[in-house]
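One file, final_15.cif, carrying mmCIF, C-alpha atoms, pLDDT in the B column; chains and numbers go by the auth columns:
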```cif
data_query
#
loop_
_atom_site.group_PDB
_atom_site.id
_atom_site.type_symbol
_atom_site.label_atom_id
_atom_site.label_comp_id
_atom_site.label_asym_id
_atom_site.label_seq_id
_atom_site.Cartn_x
_atom_site.Cartn_y
_atom_site.Cartn_z
_atom_site.B_iso_or_equiv
_atom_site.auth_seq_id
_atom_site.auth_asym_id
ATOM 1 C CA MET A 1 105.240 75.103 94.540 70.00 1 E
ATOM 2 C CA ASN A 2 104.332 78.368 96.223 89.00 2 E
ATOM 3 C CA PRO A 3 101.360 79.927 94.351 93.00 3 E
ATOM 4 C CA ILE A 4 102.991 83.384 94.326 93.00 4 E
ATOM 5 C CA SER A 5 106.249 82.040 92.859 94.00 5 E
ATOM 6 C CA ASP A 6 104.209 80.091 90.317 94.00 6 E
ATOM 7 C CA LEU A 7 102.236 83.200 89.323 95.00 7 E
ATOM 8 C CA ILE A 8 105.375 85.345 89.025 96.00 8 E
ATOM 9 C CA LYS A 9 106.984 82.746 86.744 96.00 9 E
ATOM 10 C CA ARG A 10 103.855 82.731 84.590 95.00 10 E
ATOM 11 C CA MET A 11 103.803 86.540 84.478 97.00 11 E
ATOM 12 C CA ASP A 12 107.502 86.681 83.536 96.00 12 E
ATOM 13 C CA LYS A 13 106.999 84.073 80.817 96.00 13 E
ATOM 14 C CA ALA A 14 104.088 86.111 79.401 96.00 14 E
ATOM 15 C CA ASP A 15 106.209 89.299 79.597 96.00 15 E
ATOM 16 C CA LEU A 16 103.291 90.858 81.440 96.00 16 E
ATOM 17 C CA TRP A 17 105.081 93.721 83.195 97.00 17 E
ATOM 18 C CA ASP A 18 104.177 97.201 81.940 97.00 18 E
ATOM 19 C CA LYS A 19 107.174 99.008 83.432 98.00 19 E
ATOM 20 C CA VAL A 20 109.794 99.106 86.175 98.00 20 E
ATOM 21 C CA LEU A 21 109.805 101.780 88.888 98.00 21 E
ATOM 22 C CA GLU A 22 112.718 102.854 91.080 98.00 22 E
ATOM 23 C CA LEU A 23 111.757 104.261 94.488 98.00 23 E
ATOM 24 C CA GLU A 24 114.046 106.083 96.883 98.00 24 E
ATOM 25 C CA ARG A 25 113.997 105.357 100.608 97.00 25 E
ATOM 26 C CA ASN A 26 110.761 106.688 102.201 97.00 26 E
ATOM 27 C CA GLN A 27 109.231 107.495 98.789 98.00 27 E
ATOM 28 C CA TYR A 28 105.521 106.718 98.459 98.00 28 E
ATOM 29 C CA LEU A 29 104.308 104.337 95.788 98.00 29 E
ATOM 30 C CA LYS A 30 100.716 105.087 96.803 98.00 30 E
ATOM 31 C CA GLU A 31 99.223 107.693 99.128 97.00 31 E
ATOM 32 C CA LYS A 32 95.938 107.855 101.036 97.00 32 E
ATOM 33 C CA GLY A 33 92.990 108.963 98.920 97.00 33 E
ATOM 34 C CA SER A 34 94.450 107.766 95.628 97.00 34 E
ATOM 35 C CA ILE A 35 93.249 104.986 93.355 98.00 35 E
ATOM 36 C CA ASP A 36 95.859 102.370 92.504 98.00 36 E
ATOM 37 C CA THR A 37 94.872 99.453 90.289 98.00 37 E
ATOM 38 C CA ASN A 38 98.373 98.076 89.811 98.00 38 E
ATOM 39 C CA ILE A 39 100.056 94.970 91.129 97.00 39 E
ATOM 40 C CA TYR A 40 103.742 95.281 91.964 98.00 40 E
ATOM 41 C CA LEU A 41 106.521 92.720 92.136 97.00 41 E
ATOM 42 C CA VAL A 42 109.307 93.701 94.507 97.00 42 E
ATOM 43 C CA VAL A 43 112.570 93.127 92.623 98.00 43 E
ATOM 44 C CA SER A 44 114.814 94.713 95.266 97.00 44 E
ATOM 45 C CA GLY A 45 114.322 96.626 98.507 97.00 45 E
ATOM 46 C CA SER A 46 111.256 96.573 100.723 97.00 46 E
ATOM 47 C CA LEU A 47 107.893 98.289 101.122 97.00 47 E
ATOM 48 C CA ARG A 48 105.225 98.600 103.746 97.00 48 E
ATOM 49 C CA ILE A 49 101.483 99.119 103.498 97.00 49 E
ATOM 50 C CA PHE A 50 100.052 101.209 106.317 97.00 50 E
ATOM 51 C CA VAL A 51 97.167 103.400 107.426 97.00 51 E
ATOM 52 C CA VAL A 52 97.201 106.466 109.658 96.00 52 E
ATOM 53 C CA ASP A 53 94.664 107.329 112.338 92.00 53 E
ATOM 54 C CA GLU A 54 94.590 110.508 114.431 86.00 54 E
ATOM 55 C CA GLU A 55 97.404 109.277 116.626 83.00 55 E
ATOM 56 C CA GLU A 56 99.692 106.877 114.778 90.00 56 E
ATOM 57 C CA GLU A 57 100.602 104.763 111.778 93.00 57 E
ATOM 58 C CA HIS A 58 99.491 101.128 111.666 94.00 58 E
ATOM 59 C CA THR A 59 101.521 98.826 109.440 96.00 59 E
ATOM 60 C CA ILE A 60 99.317 96.257 107.713 94.00 60 E
ATOM 61 C CA ARG A 61 101.677 94.356 105.426 94.00 61 E
ATOM 62 C CA PHE A 62 105.210 94.233 104.037 96.00 62 E
ATOM 63 C CA GLY A 63 106.688 93.458 100.665 95.00 63 E
ATOM 64 C CA TYR A 64 110.267 92.434 100.010 91.00 64 E
ATOM 65 C CA VAL A 65 112.158 90.669 97.224 95.00 65 E
ATOM 66 C CA GLY A 66 109.870 88.225 95.455 94.00 66 E
ATOM 67 C CA SER A 67 106.662 89.614 96.973 94.00 67 E
ATOM 68 C CA LEU A 68 103.611 90.744 95.086 96.00 68 E
ATOM 69 C CA ILE A 69 102.094 93.813 96.677 96.00 69 E
ATOM 70 C CA ALA A 70 99.051 95.954 95.943 97.00 70 E
ATOM 71 C CA SER A 71 96.564 98.262 97.534 96.00 71 E
ATOM 72 C CA LEU A 72 94.169 95.350 97.229 94.00 72 E
ATOM 73 C CA ASP A 73 91.014 97.267 98.120 95.00 73 E
ATOM 74 C CA SER A 74 91.701 99.884 95.441 97.00 74 E
ATOM 75 C CA PHE A 75 92.801 97.207 92.966 96.00 75 E
ATOM 76 C CA LEU A 76 89.538 95.303 93.432 95.00 76 E
ATOM 77 C CA ASN A 77 86.996 98.133 93.653 97.00 77 E
ATOM 78 C CA GLU A 78 88.822 100.869 91.699 97.00 78 E
ATOM 79 C CA LYS A 79 88.057 103.419 94.418 98.00 79 E
ATOM 80 C CA PRO A 80 90.327 105.602 96.548 98.00 80 E
ATOM 81 C CA SER A 81 91.989 103.809 99.432 97.00 81 E
ATOM 82 C CA ASP A 82 93.137 104.927 102.881 96.00 82 E
ATOM 83 C CA PHE A 83 96.317 102.871 102.482 97.00 83 E
ATOM 84 C CA TYR A 84 99.808 104.171 101.872 98.00 84 E
ATOM 85 C CA ILE A 85 102.552 102.117 100.247 98.00 85 E
ATOM 86 C CA GLN A 86 106.037 103.360 101.111 98.00 86 E
ATOM 87 C CA ALA A 87 109.556 102.213 100.252 98.00 87 E
ATOM 88 C CA LEU A 88 111.560 101.434 103.393 97.00 88 E
ATOM 89 C CA LYS A 89 114.821 101.530 101.443 97.00 89 E
ATOM 90 C CA LYS A 90 115.780 102.015 97.820 98.00 90 E
ATOM 91 C CA THR A 91 113.345 99.711 96.039 98.00 91 E
ATOM 92 C CA THR A 92 112.713 98.480 92.513 98.00 92 E
ATOM 93 C CA VAL A 93 109.305 97.146 91.496 98.00 93 E
ATOM 94 C CA LYS A 94 107.844 95.764 88.302 98.00 94 E
ATOM 95 C CA VAL A 95 104.324 97.020 87.545 98.00 95 E
ATOM 96 C CA VAL A 96 101.317 95.525 85.808 98.00 96 E
ATOM 97 C CA GLY A 97 97.949 97.274 85.468 98.00 97 E
ATOM 98 C CA LYS A 98 94.629 95.706 86.366 98.00 98 E
ATOM 99 C CA ARG A 99 93.203 95.405 82.853 97.00 99 E
ATOM 100 C CA ARG A 100 96.260 93.616 81.517 98.00 100 E
ATOM 101 C CA TYR A 101 96.550 91.496 84.667 98.00 101 E
ATOM 102 C CA ASN A 102 92.884 90.447 84.564 97.00 102 E
ATOM 103 C CA ALA A 103 93.178 89.501 80.878 98.00 103 E
ATOM 104 C CA PHE A 104 96.202 87.356 81.773 98.00 104 E
ATOM 105 C CA ILE A 105 94.341 85.641 84.645 97.00 105 E
ATOM 106 C CA ALA A 106 91.318 85.011 82.398 97.00 106 E
ATOM 107 C CA SER A 107 93.527 83.541 79.654 97.00 107 E
ATOM 108 C CA SER A 108 93.803 80.096 81.270 97.00 108 E
ATOM 109 C CA VAL A 109 92.124 77.903 83.849 97.00 109 E
ATOM 110 C CA GLU A 110 95.510 77.337 85.507 96.00 110 E
ATOM 111 C CA ASN A 111 96.117 81.092 85.890 96.00 111 E
ATOM 112 C CA LYS A 112 92.687 81.430 87.513 97.00 112 E
ATOM 113 C CA LYS A 113 93.420 78.568 89.910 96.00 113 E
ATOM 114 C CA VAL A 114 96.736 80.109 90.974 96.00 114 E
ATOM 115 C CA TRP A 115 95.147 83.553 91.493 96.00 115 E
ATOM 116 C CA ILE A 116 92.310 82.056 93.570 96.00 116 E
ATOM 117 C CA ALA A 117 94.850 80.126 95.673 95.00 117 E
ATOM 118 C CA ILE A 118 96.765 83.374 96.315 95.00 118 E
ATOM 119 C CA LEU A 119 93.596 85.220 97.325 94.00 119 E
ATOM 120 C CA GLU A 120 92.509 82.349 99.585 95.00 120 E
ATOM 121 C CA ASN A 121 95.941 82.307 101.271 93.00 121 E
ATOM 122 C CA PHE A 122 95.764 86.068 101.727 91.00 122 E
ATOM 123 C CA VAL A 123 92.341 85.857 103.393 94.00 123 E
ATOM 124 C CA LEU A 124 93.539 83.085 105.714 94.00 124 E
ATOM 125 C CA GLN A 125 96.671 85.082 106.622 90.00 125 E
ATOM 126 C CA GLN A 126 94.576 88.165 107.382 91.00 126 E
ATOM 127 C CA MET A 127 92.198 86.133 109.561 93.00 127 E
ATOM 128 C CA GLU A 128 95.116 84.605 111.465 89.00 128 E
ATOM 129 C CA ARG A 129 96.676 88.049 111.935 88.00 129 E
ATOM 130 C CA GLU A 130 93.402 89.541 113.221 91.00 130 E
ATOM 131 C CA ARG A 131 93.001 86.662 115.659 92.00 131 E
ATOM 132 C CA ASP A 132 96.586 87.111 116.849 89.00 132 E
ATOM 133 C CA ILE A 133 96.134 90.831 117.415 90.00 133 E
ATOM 134 C CA LEU A 134 92.891 90.317 119.327 92.00 134 E
ATOM 135 C CA THR A 135 93.744 87.244 121.385 94.00 135 E
ATOM 136 C CA SER A 136 97.515 86.677 121.579 93.00 136 E
ATOM 137 C CA SER A 137 100.113 88.185 123.857 93.00 137 E
ATOM 138 C CA PRO A 138 102.920 90.265 122.321 93.00 138 E
ATOM 139 C CA VAL A 139 105.332 87.334 122.837 94.00 139 E
ATOM 140 C CA GLN A 140 102.993 84.938 121.027 94.00 140 E
ATOM 141 C CA ARG A 141 102.517 87.410 118.139 93.00 141 E
ATOM 142 C CA TYR A 142 106.289 87.820 117.825 94.00 142 E
ATOM 143 C CA LYS A 143 106.917 84.056 117.834 93.00 143 E
ATOM 144 C CA ARG A 144 104.211 83.394 115.258 91.00 144 E
ATOM 145 C CA VAL A 145 105.546 86.038 112.861 92.00 145 E
ATOM 146 C CA LEU A 146 109.129 84.855 113.380 92.00 146 E
ATOM 147 C CA GLU A 147 108.017 81.315 112.534 92.00 147 E
ATOM 148 C CA ARG A 148 105.922 82.351 109.542 88.00 148 E
ATOM 149 C CA SER A 149 108.243 85.011 108.075 89.00 149 E
ATOM 150 C CA PRO A 150 111.813 84.856 109.415 90.00 150 E
ATOM 151 C CA GLN A 151 113.017 86.920 106.418 89.00 151 E
ATOM 152 C CA LEU A 152 110.972 89.844 107.754 90.00 152 E
ATOM 153 C CA PHE A 153 113.463 90.352 110.569 92.00 153 E
ATOM 154 C CA GLN A 154 116.357 90.673 108.094 90.00 154 E
ATOM 155 C CA GLU A 155 114.537 92.997 105.694 89.00 155 E
ATOM 156 C CA ILE A 156 112.399 95.335 107.799 94.00 156 E
ATOM 157 C CA PRO A 157 113.419 97.840 110.508 93.00 157 E
ATOM 158 C CA ASN A 158 112.211 96.976 114.016 94.00 158 E
ATOM 159 C CA LYS A 159 109.993 100.054 114.389 95.00 159 E
ATOM 160 C CA TYR A 160 107.828 98.885 111.479 96.00 160 E
ATOM 161 C CA ILE A 161 107.746 95.287 112.698 95.00 161 E
ATOM 162 C CA ALA A 162 106.627 96.605 116.097 95.00 162 E
ATOM 163 C CA SER A 163 103.835 98.583 114.407 94.00 163 E
ATOM 164 C CA TYR A 164 102.798 95.466 112.485 94.00 164 E
ATOM 165 C CA LEU A 165 102.742 93.451 115.716 94.00 165 E
ATOM 166 C CA ARG A 166 100.812 96.210 117.547 93.00 166 E
ATOM 167 C CA MET A 167 103.474 96.841 120.170 94.00 167 E
ATOM 168 C CA THR A 168 106.010 99.522 120.940 93.00 168 E
ATOM 169 C CA PRO A 169 109.547 99.224 119.571 95.00 169 E
ATOM 170 C CA GLU A 170 110.723 98.930 123.191 96.00 170 E
ATOM 171 C CA THR A 171 108.450 95.935 123.804 95.00 171 E
ATOM 172 C CA LEU A 172 109.708 94.268 120.618 96.00 172 E
ATOM 173 C CA SER A 173 113.294 94.872 121.691 94.00 173 E
ATOM 174 C CA ARG A 174 112.660 93.310 125.110 95.00 174 E
ATOM 175 C CA ILE A 175 110.963 90.271 123.550 96.00 175 E
ATOM 176 C CA LYS A 176 113.812 89.758 121.056 93.00 176 E
ATOM 177 C CA LYS A 177 116.371 89.862 123.882 92.00 177 E
ATOM 178 C CA SER A 178 114.564 87.288 126.035 87.00 178 E
#
```
Transcribe the structure of this file into structure tokens.
Amino acid sequence: MNPISDLIKRMDKADLWDKVLELERNQYLKEKGSIDTNIYLVVSGSLRIFVVDEEEEHTIRFGYVGSLIASLDSFLNEKPSDFYIQALKKTTVKVVGKRRYNAFIASSVENKKVWIAILENFVLQQMERERDILTSSPVQRYKRVLERSPQLFQEIPNKYIASYLRMTPETLSRIKKS
């Protein structure tokens, strides 16, 4: 079983969620400079995590139905983060705070194992993504993401996928056509 699906089932069974939030399209769940120690489950809609430099936005990650999403740096170190989390369409998320979440993880060896597996997968995904951005052509990056996450192309607008893949929307459009 997928570790994230397993964890969500465990969290649902434990009735762990603190609340449910409804976000409108383009509404921010988290803004740069804020501390956010929550973990969110996307119930409907989609979100993106991104940073902004002087010139442009850089999409780092997406969340859509069934995804867990967090400003992981802020969650872990409880400090302000440069990340934004924004709804790409009307979105509903369930929320659990860090203290309650950590108590849940610490409550069983199995919960700890699942959480470690999720973190390990996340690190491996980030390493693969960094390698792709540094060493792969735009076509290779597109193919790898399409293989890994075909649902992304149904859920997320092309301009954000292009940002995630570090290419222009025009380049993405050309690659999709070929």
Applying 7 Å and only C-alpha atoms, which residues near E:Val96 remain after dropping the ones on its own chain fewer than 5 positions away? List them as a PyMOL selection string.
chain E and resi 16-18+38-40+101
Please, could you write that set of residues out with C-alpha atoms as a PDB file, keeping the file's coordinate frame?
```
ATOM      1  CA  LEU E  16     103.291  90.858  81.440  1.00 96.00           C
ATOM      2  CA  TRP E  17     105.081  93.721  83.195  1.00 97.00           C
ATOM      3  CA  ASP E  18     104.177  97.201  81.940  1.00 97.00           C
ATOM      4  CA  ASN E  38      98.373  98.076  89.811  1.00 98.00           C
ATOM      5  CA  ILE E  39     100.056  94.970  91.129  1.00 97.00           C
ATOM      6  CA  TYR E  40     103.742  95.281  91.964  1.00 98.00           C
ATOM      7  CA  TYR E 101      96.550  91.496  84.667  1.00 98.00           C
TER       8      TYR E 101
END
```
In terms of the shortest atom-to-atom distance over all atoms listed in the file, which of E:Ile60, E:Met127, E:Leu76, E:Ala162 is closest to E:Tyr142?
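Under the stated criterion, the closest residue is E:Ala162.
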Would you kindly translate the PyMOL selection byres ((chain E and resi 90) around 9) into the concrete residues it picks from this file, as a count of residues only?
14
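From atom CA of E:Leu165 back to atom CA of E:Gly33, the distance works out to 24.9 Å.
The residue that comes closest to E:Val139, out of E:Ser173, E:Ile156, E:Val65, E:Glu120 and on the basis of only C-alpha atoms, is E:Ser173.
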I need the residue set behind the PyMOL selection byres ((chain E and resi 157-159) around 9) for this file; please write it as a list in words.
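Applied to this file, the PyMOL selection byres ((chain E and resi 157-159) around 9) returns Leu88, Leu152, Phe153, Gln154, Glu155, Ile156, Tyr160, Ile161, Ala162, Ser163, Tyr164, Thr168, Pro169, Glu170, Leu172 and Ser173 of chain E.
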One number please: atom CA of E:Ile175 to atom CA of E:Gly63, in Å, one decimal.
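Distance reported for this atom pair: 23.5 Å.
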Running the PyMOL selection byres ((chain E and resi 34) around 12) on this model by hand, what would come out? Give it as a list of chain:residue names.
E:Tyr28, E:Leu29, E:Lys30, E:Glu31, E:Lys32, E:Gly33, E:Ile35, E:Asp36, E:Thr37, E:Asn38, E:Ser71, E:Asp73, E:Ser74, E:Phe75, E:Glu78, E:Lys79, E:Pro80, E:Ser81, E:Asp82, E:Phe83, E:Tyr84, E:Ile85
Which residue of E:Arg144, E:Arg10, E:Lys176, E:Arg166 approaches E:Glu57 most closely, using only C-alpha atoms
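Among the listed residues, E:Arg166 lies closest to E:Glu57.
A straight line drawn from atom CA of E:Met1 to atom CA of E:Phe104 is 19.9 Å long.
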Padding 8 Å on each side, edges along x, y and z: where is the centre of the box around the listed atoms of stretch 141-147 of chain E, and how long are its edges in Å to one decimal? Output it as lines of an AutoDock Vina configuration file.
```
center_x = 105.8
center_y = 84.6
center_z = 115.3
size_x = 22.6
size_y = 22.5
size_z = 21.6
```
Counting all atoms listed in the file, figure out which residue out of E:Gly97, E:Leu47, E:Gln140, E:Ser149 gets nearest to E:Thr59.
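Residue with the minimum atom-to-atom distance to E:Thr59: E:Leu47.
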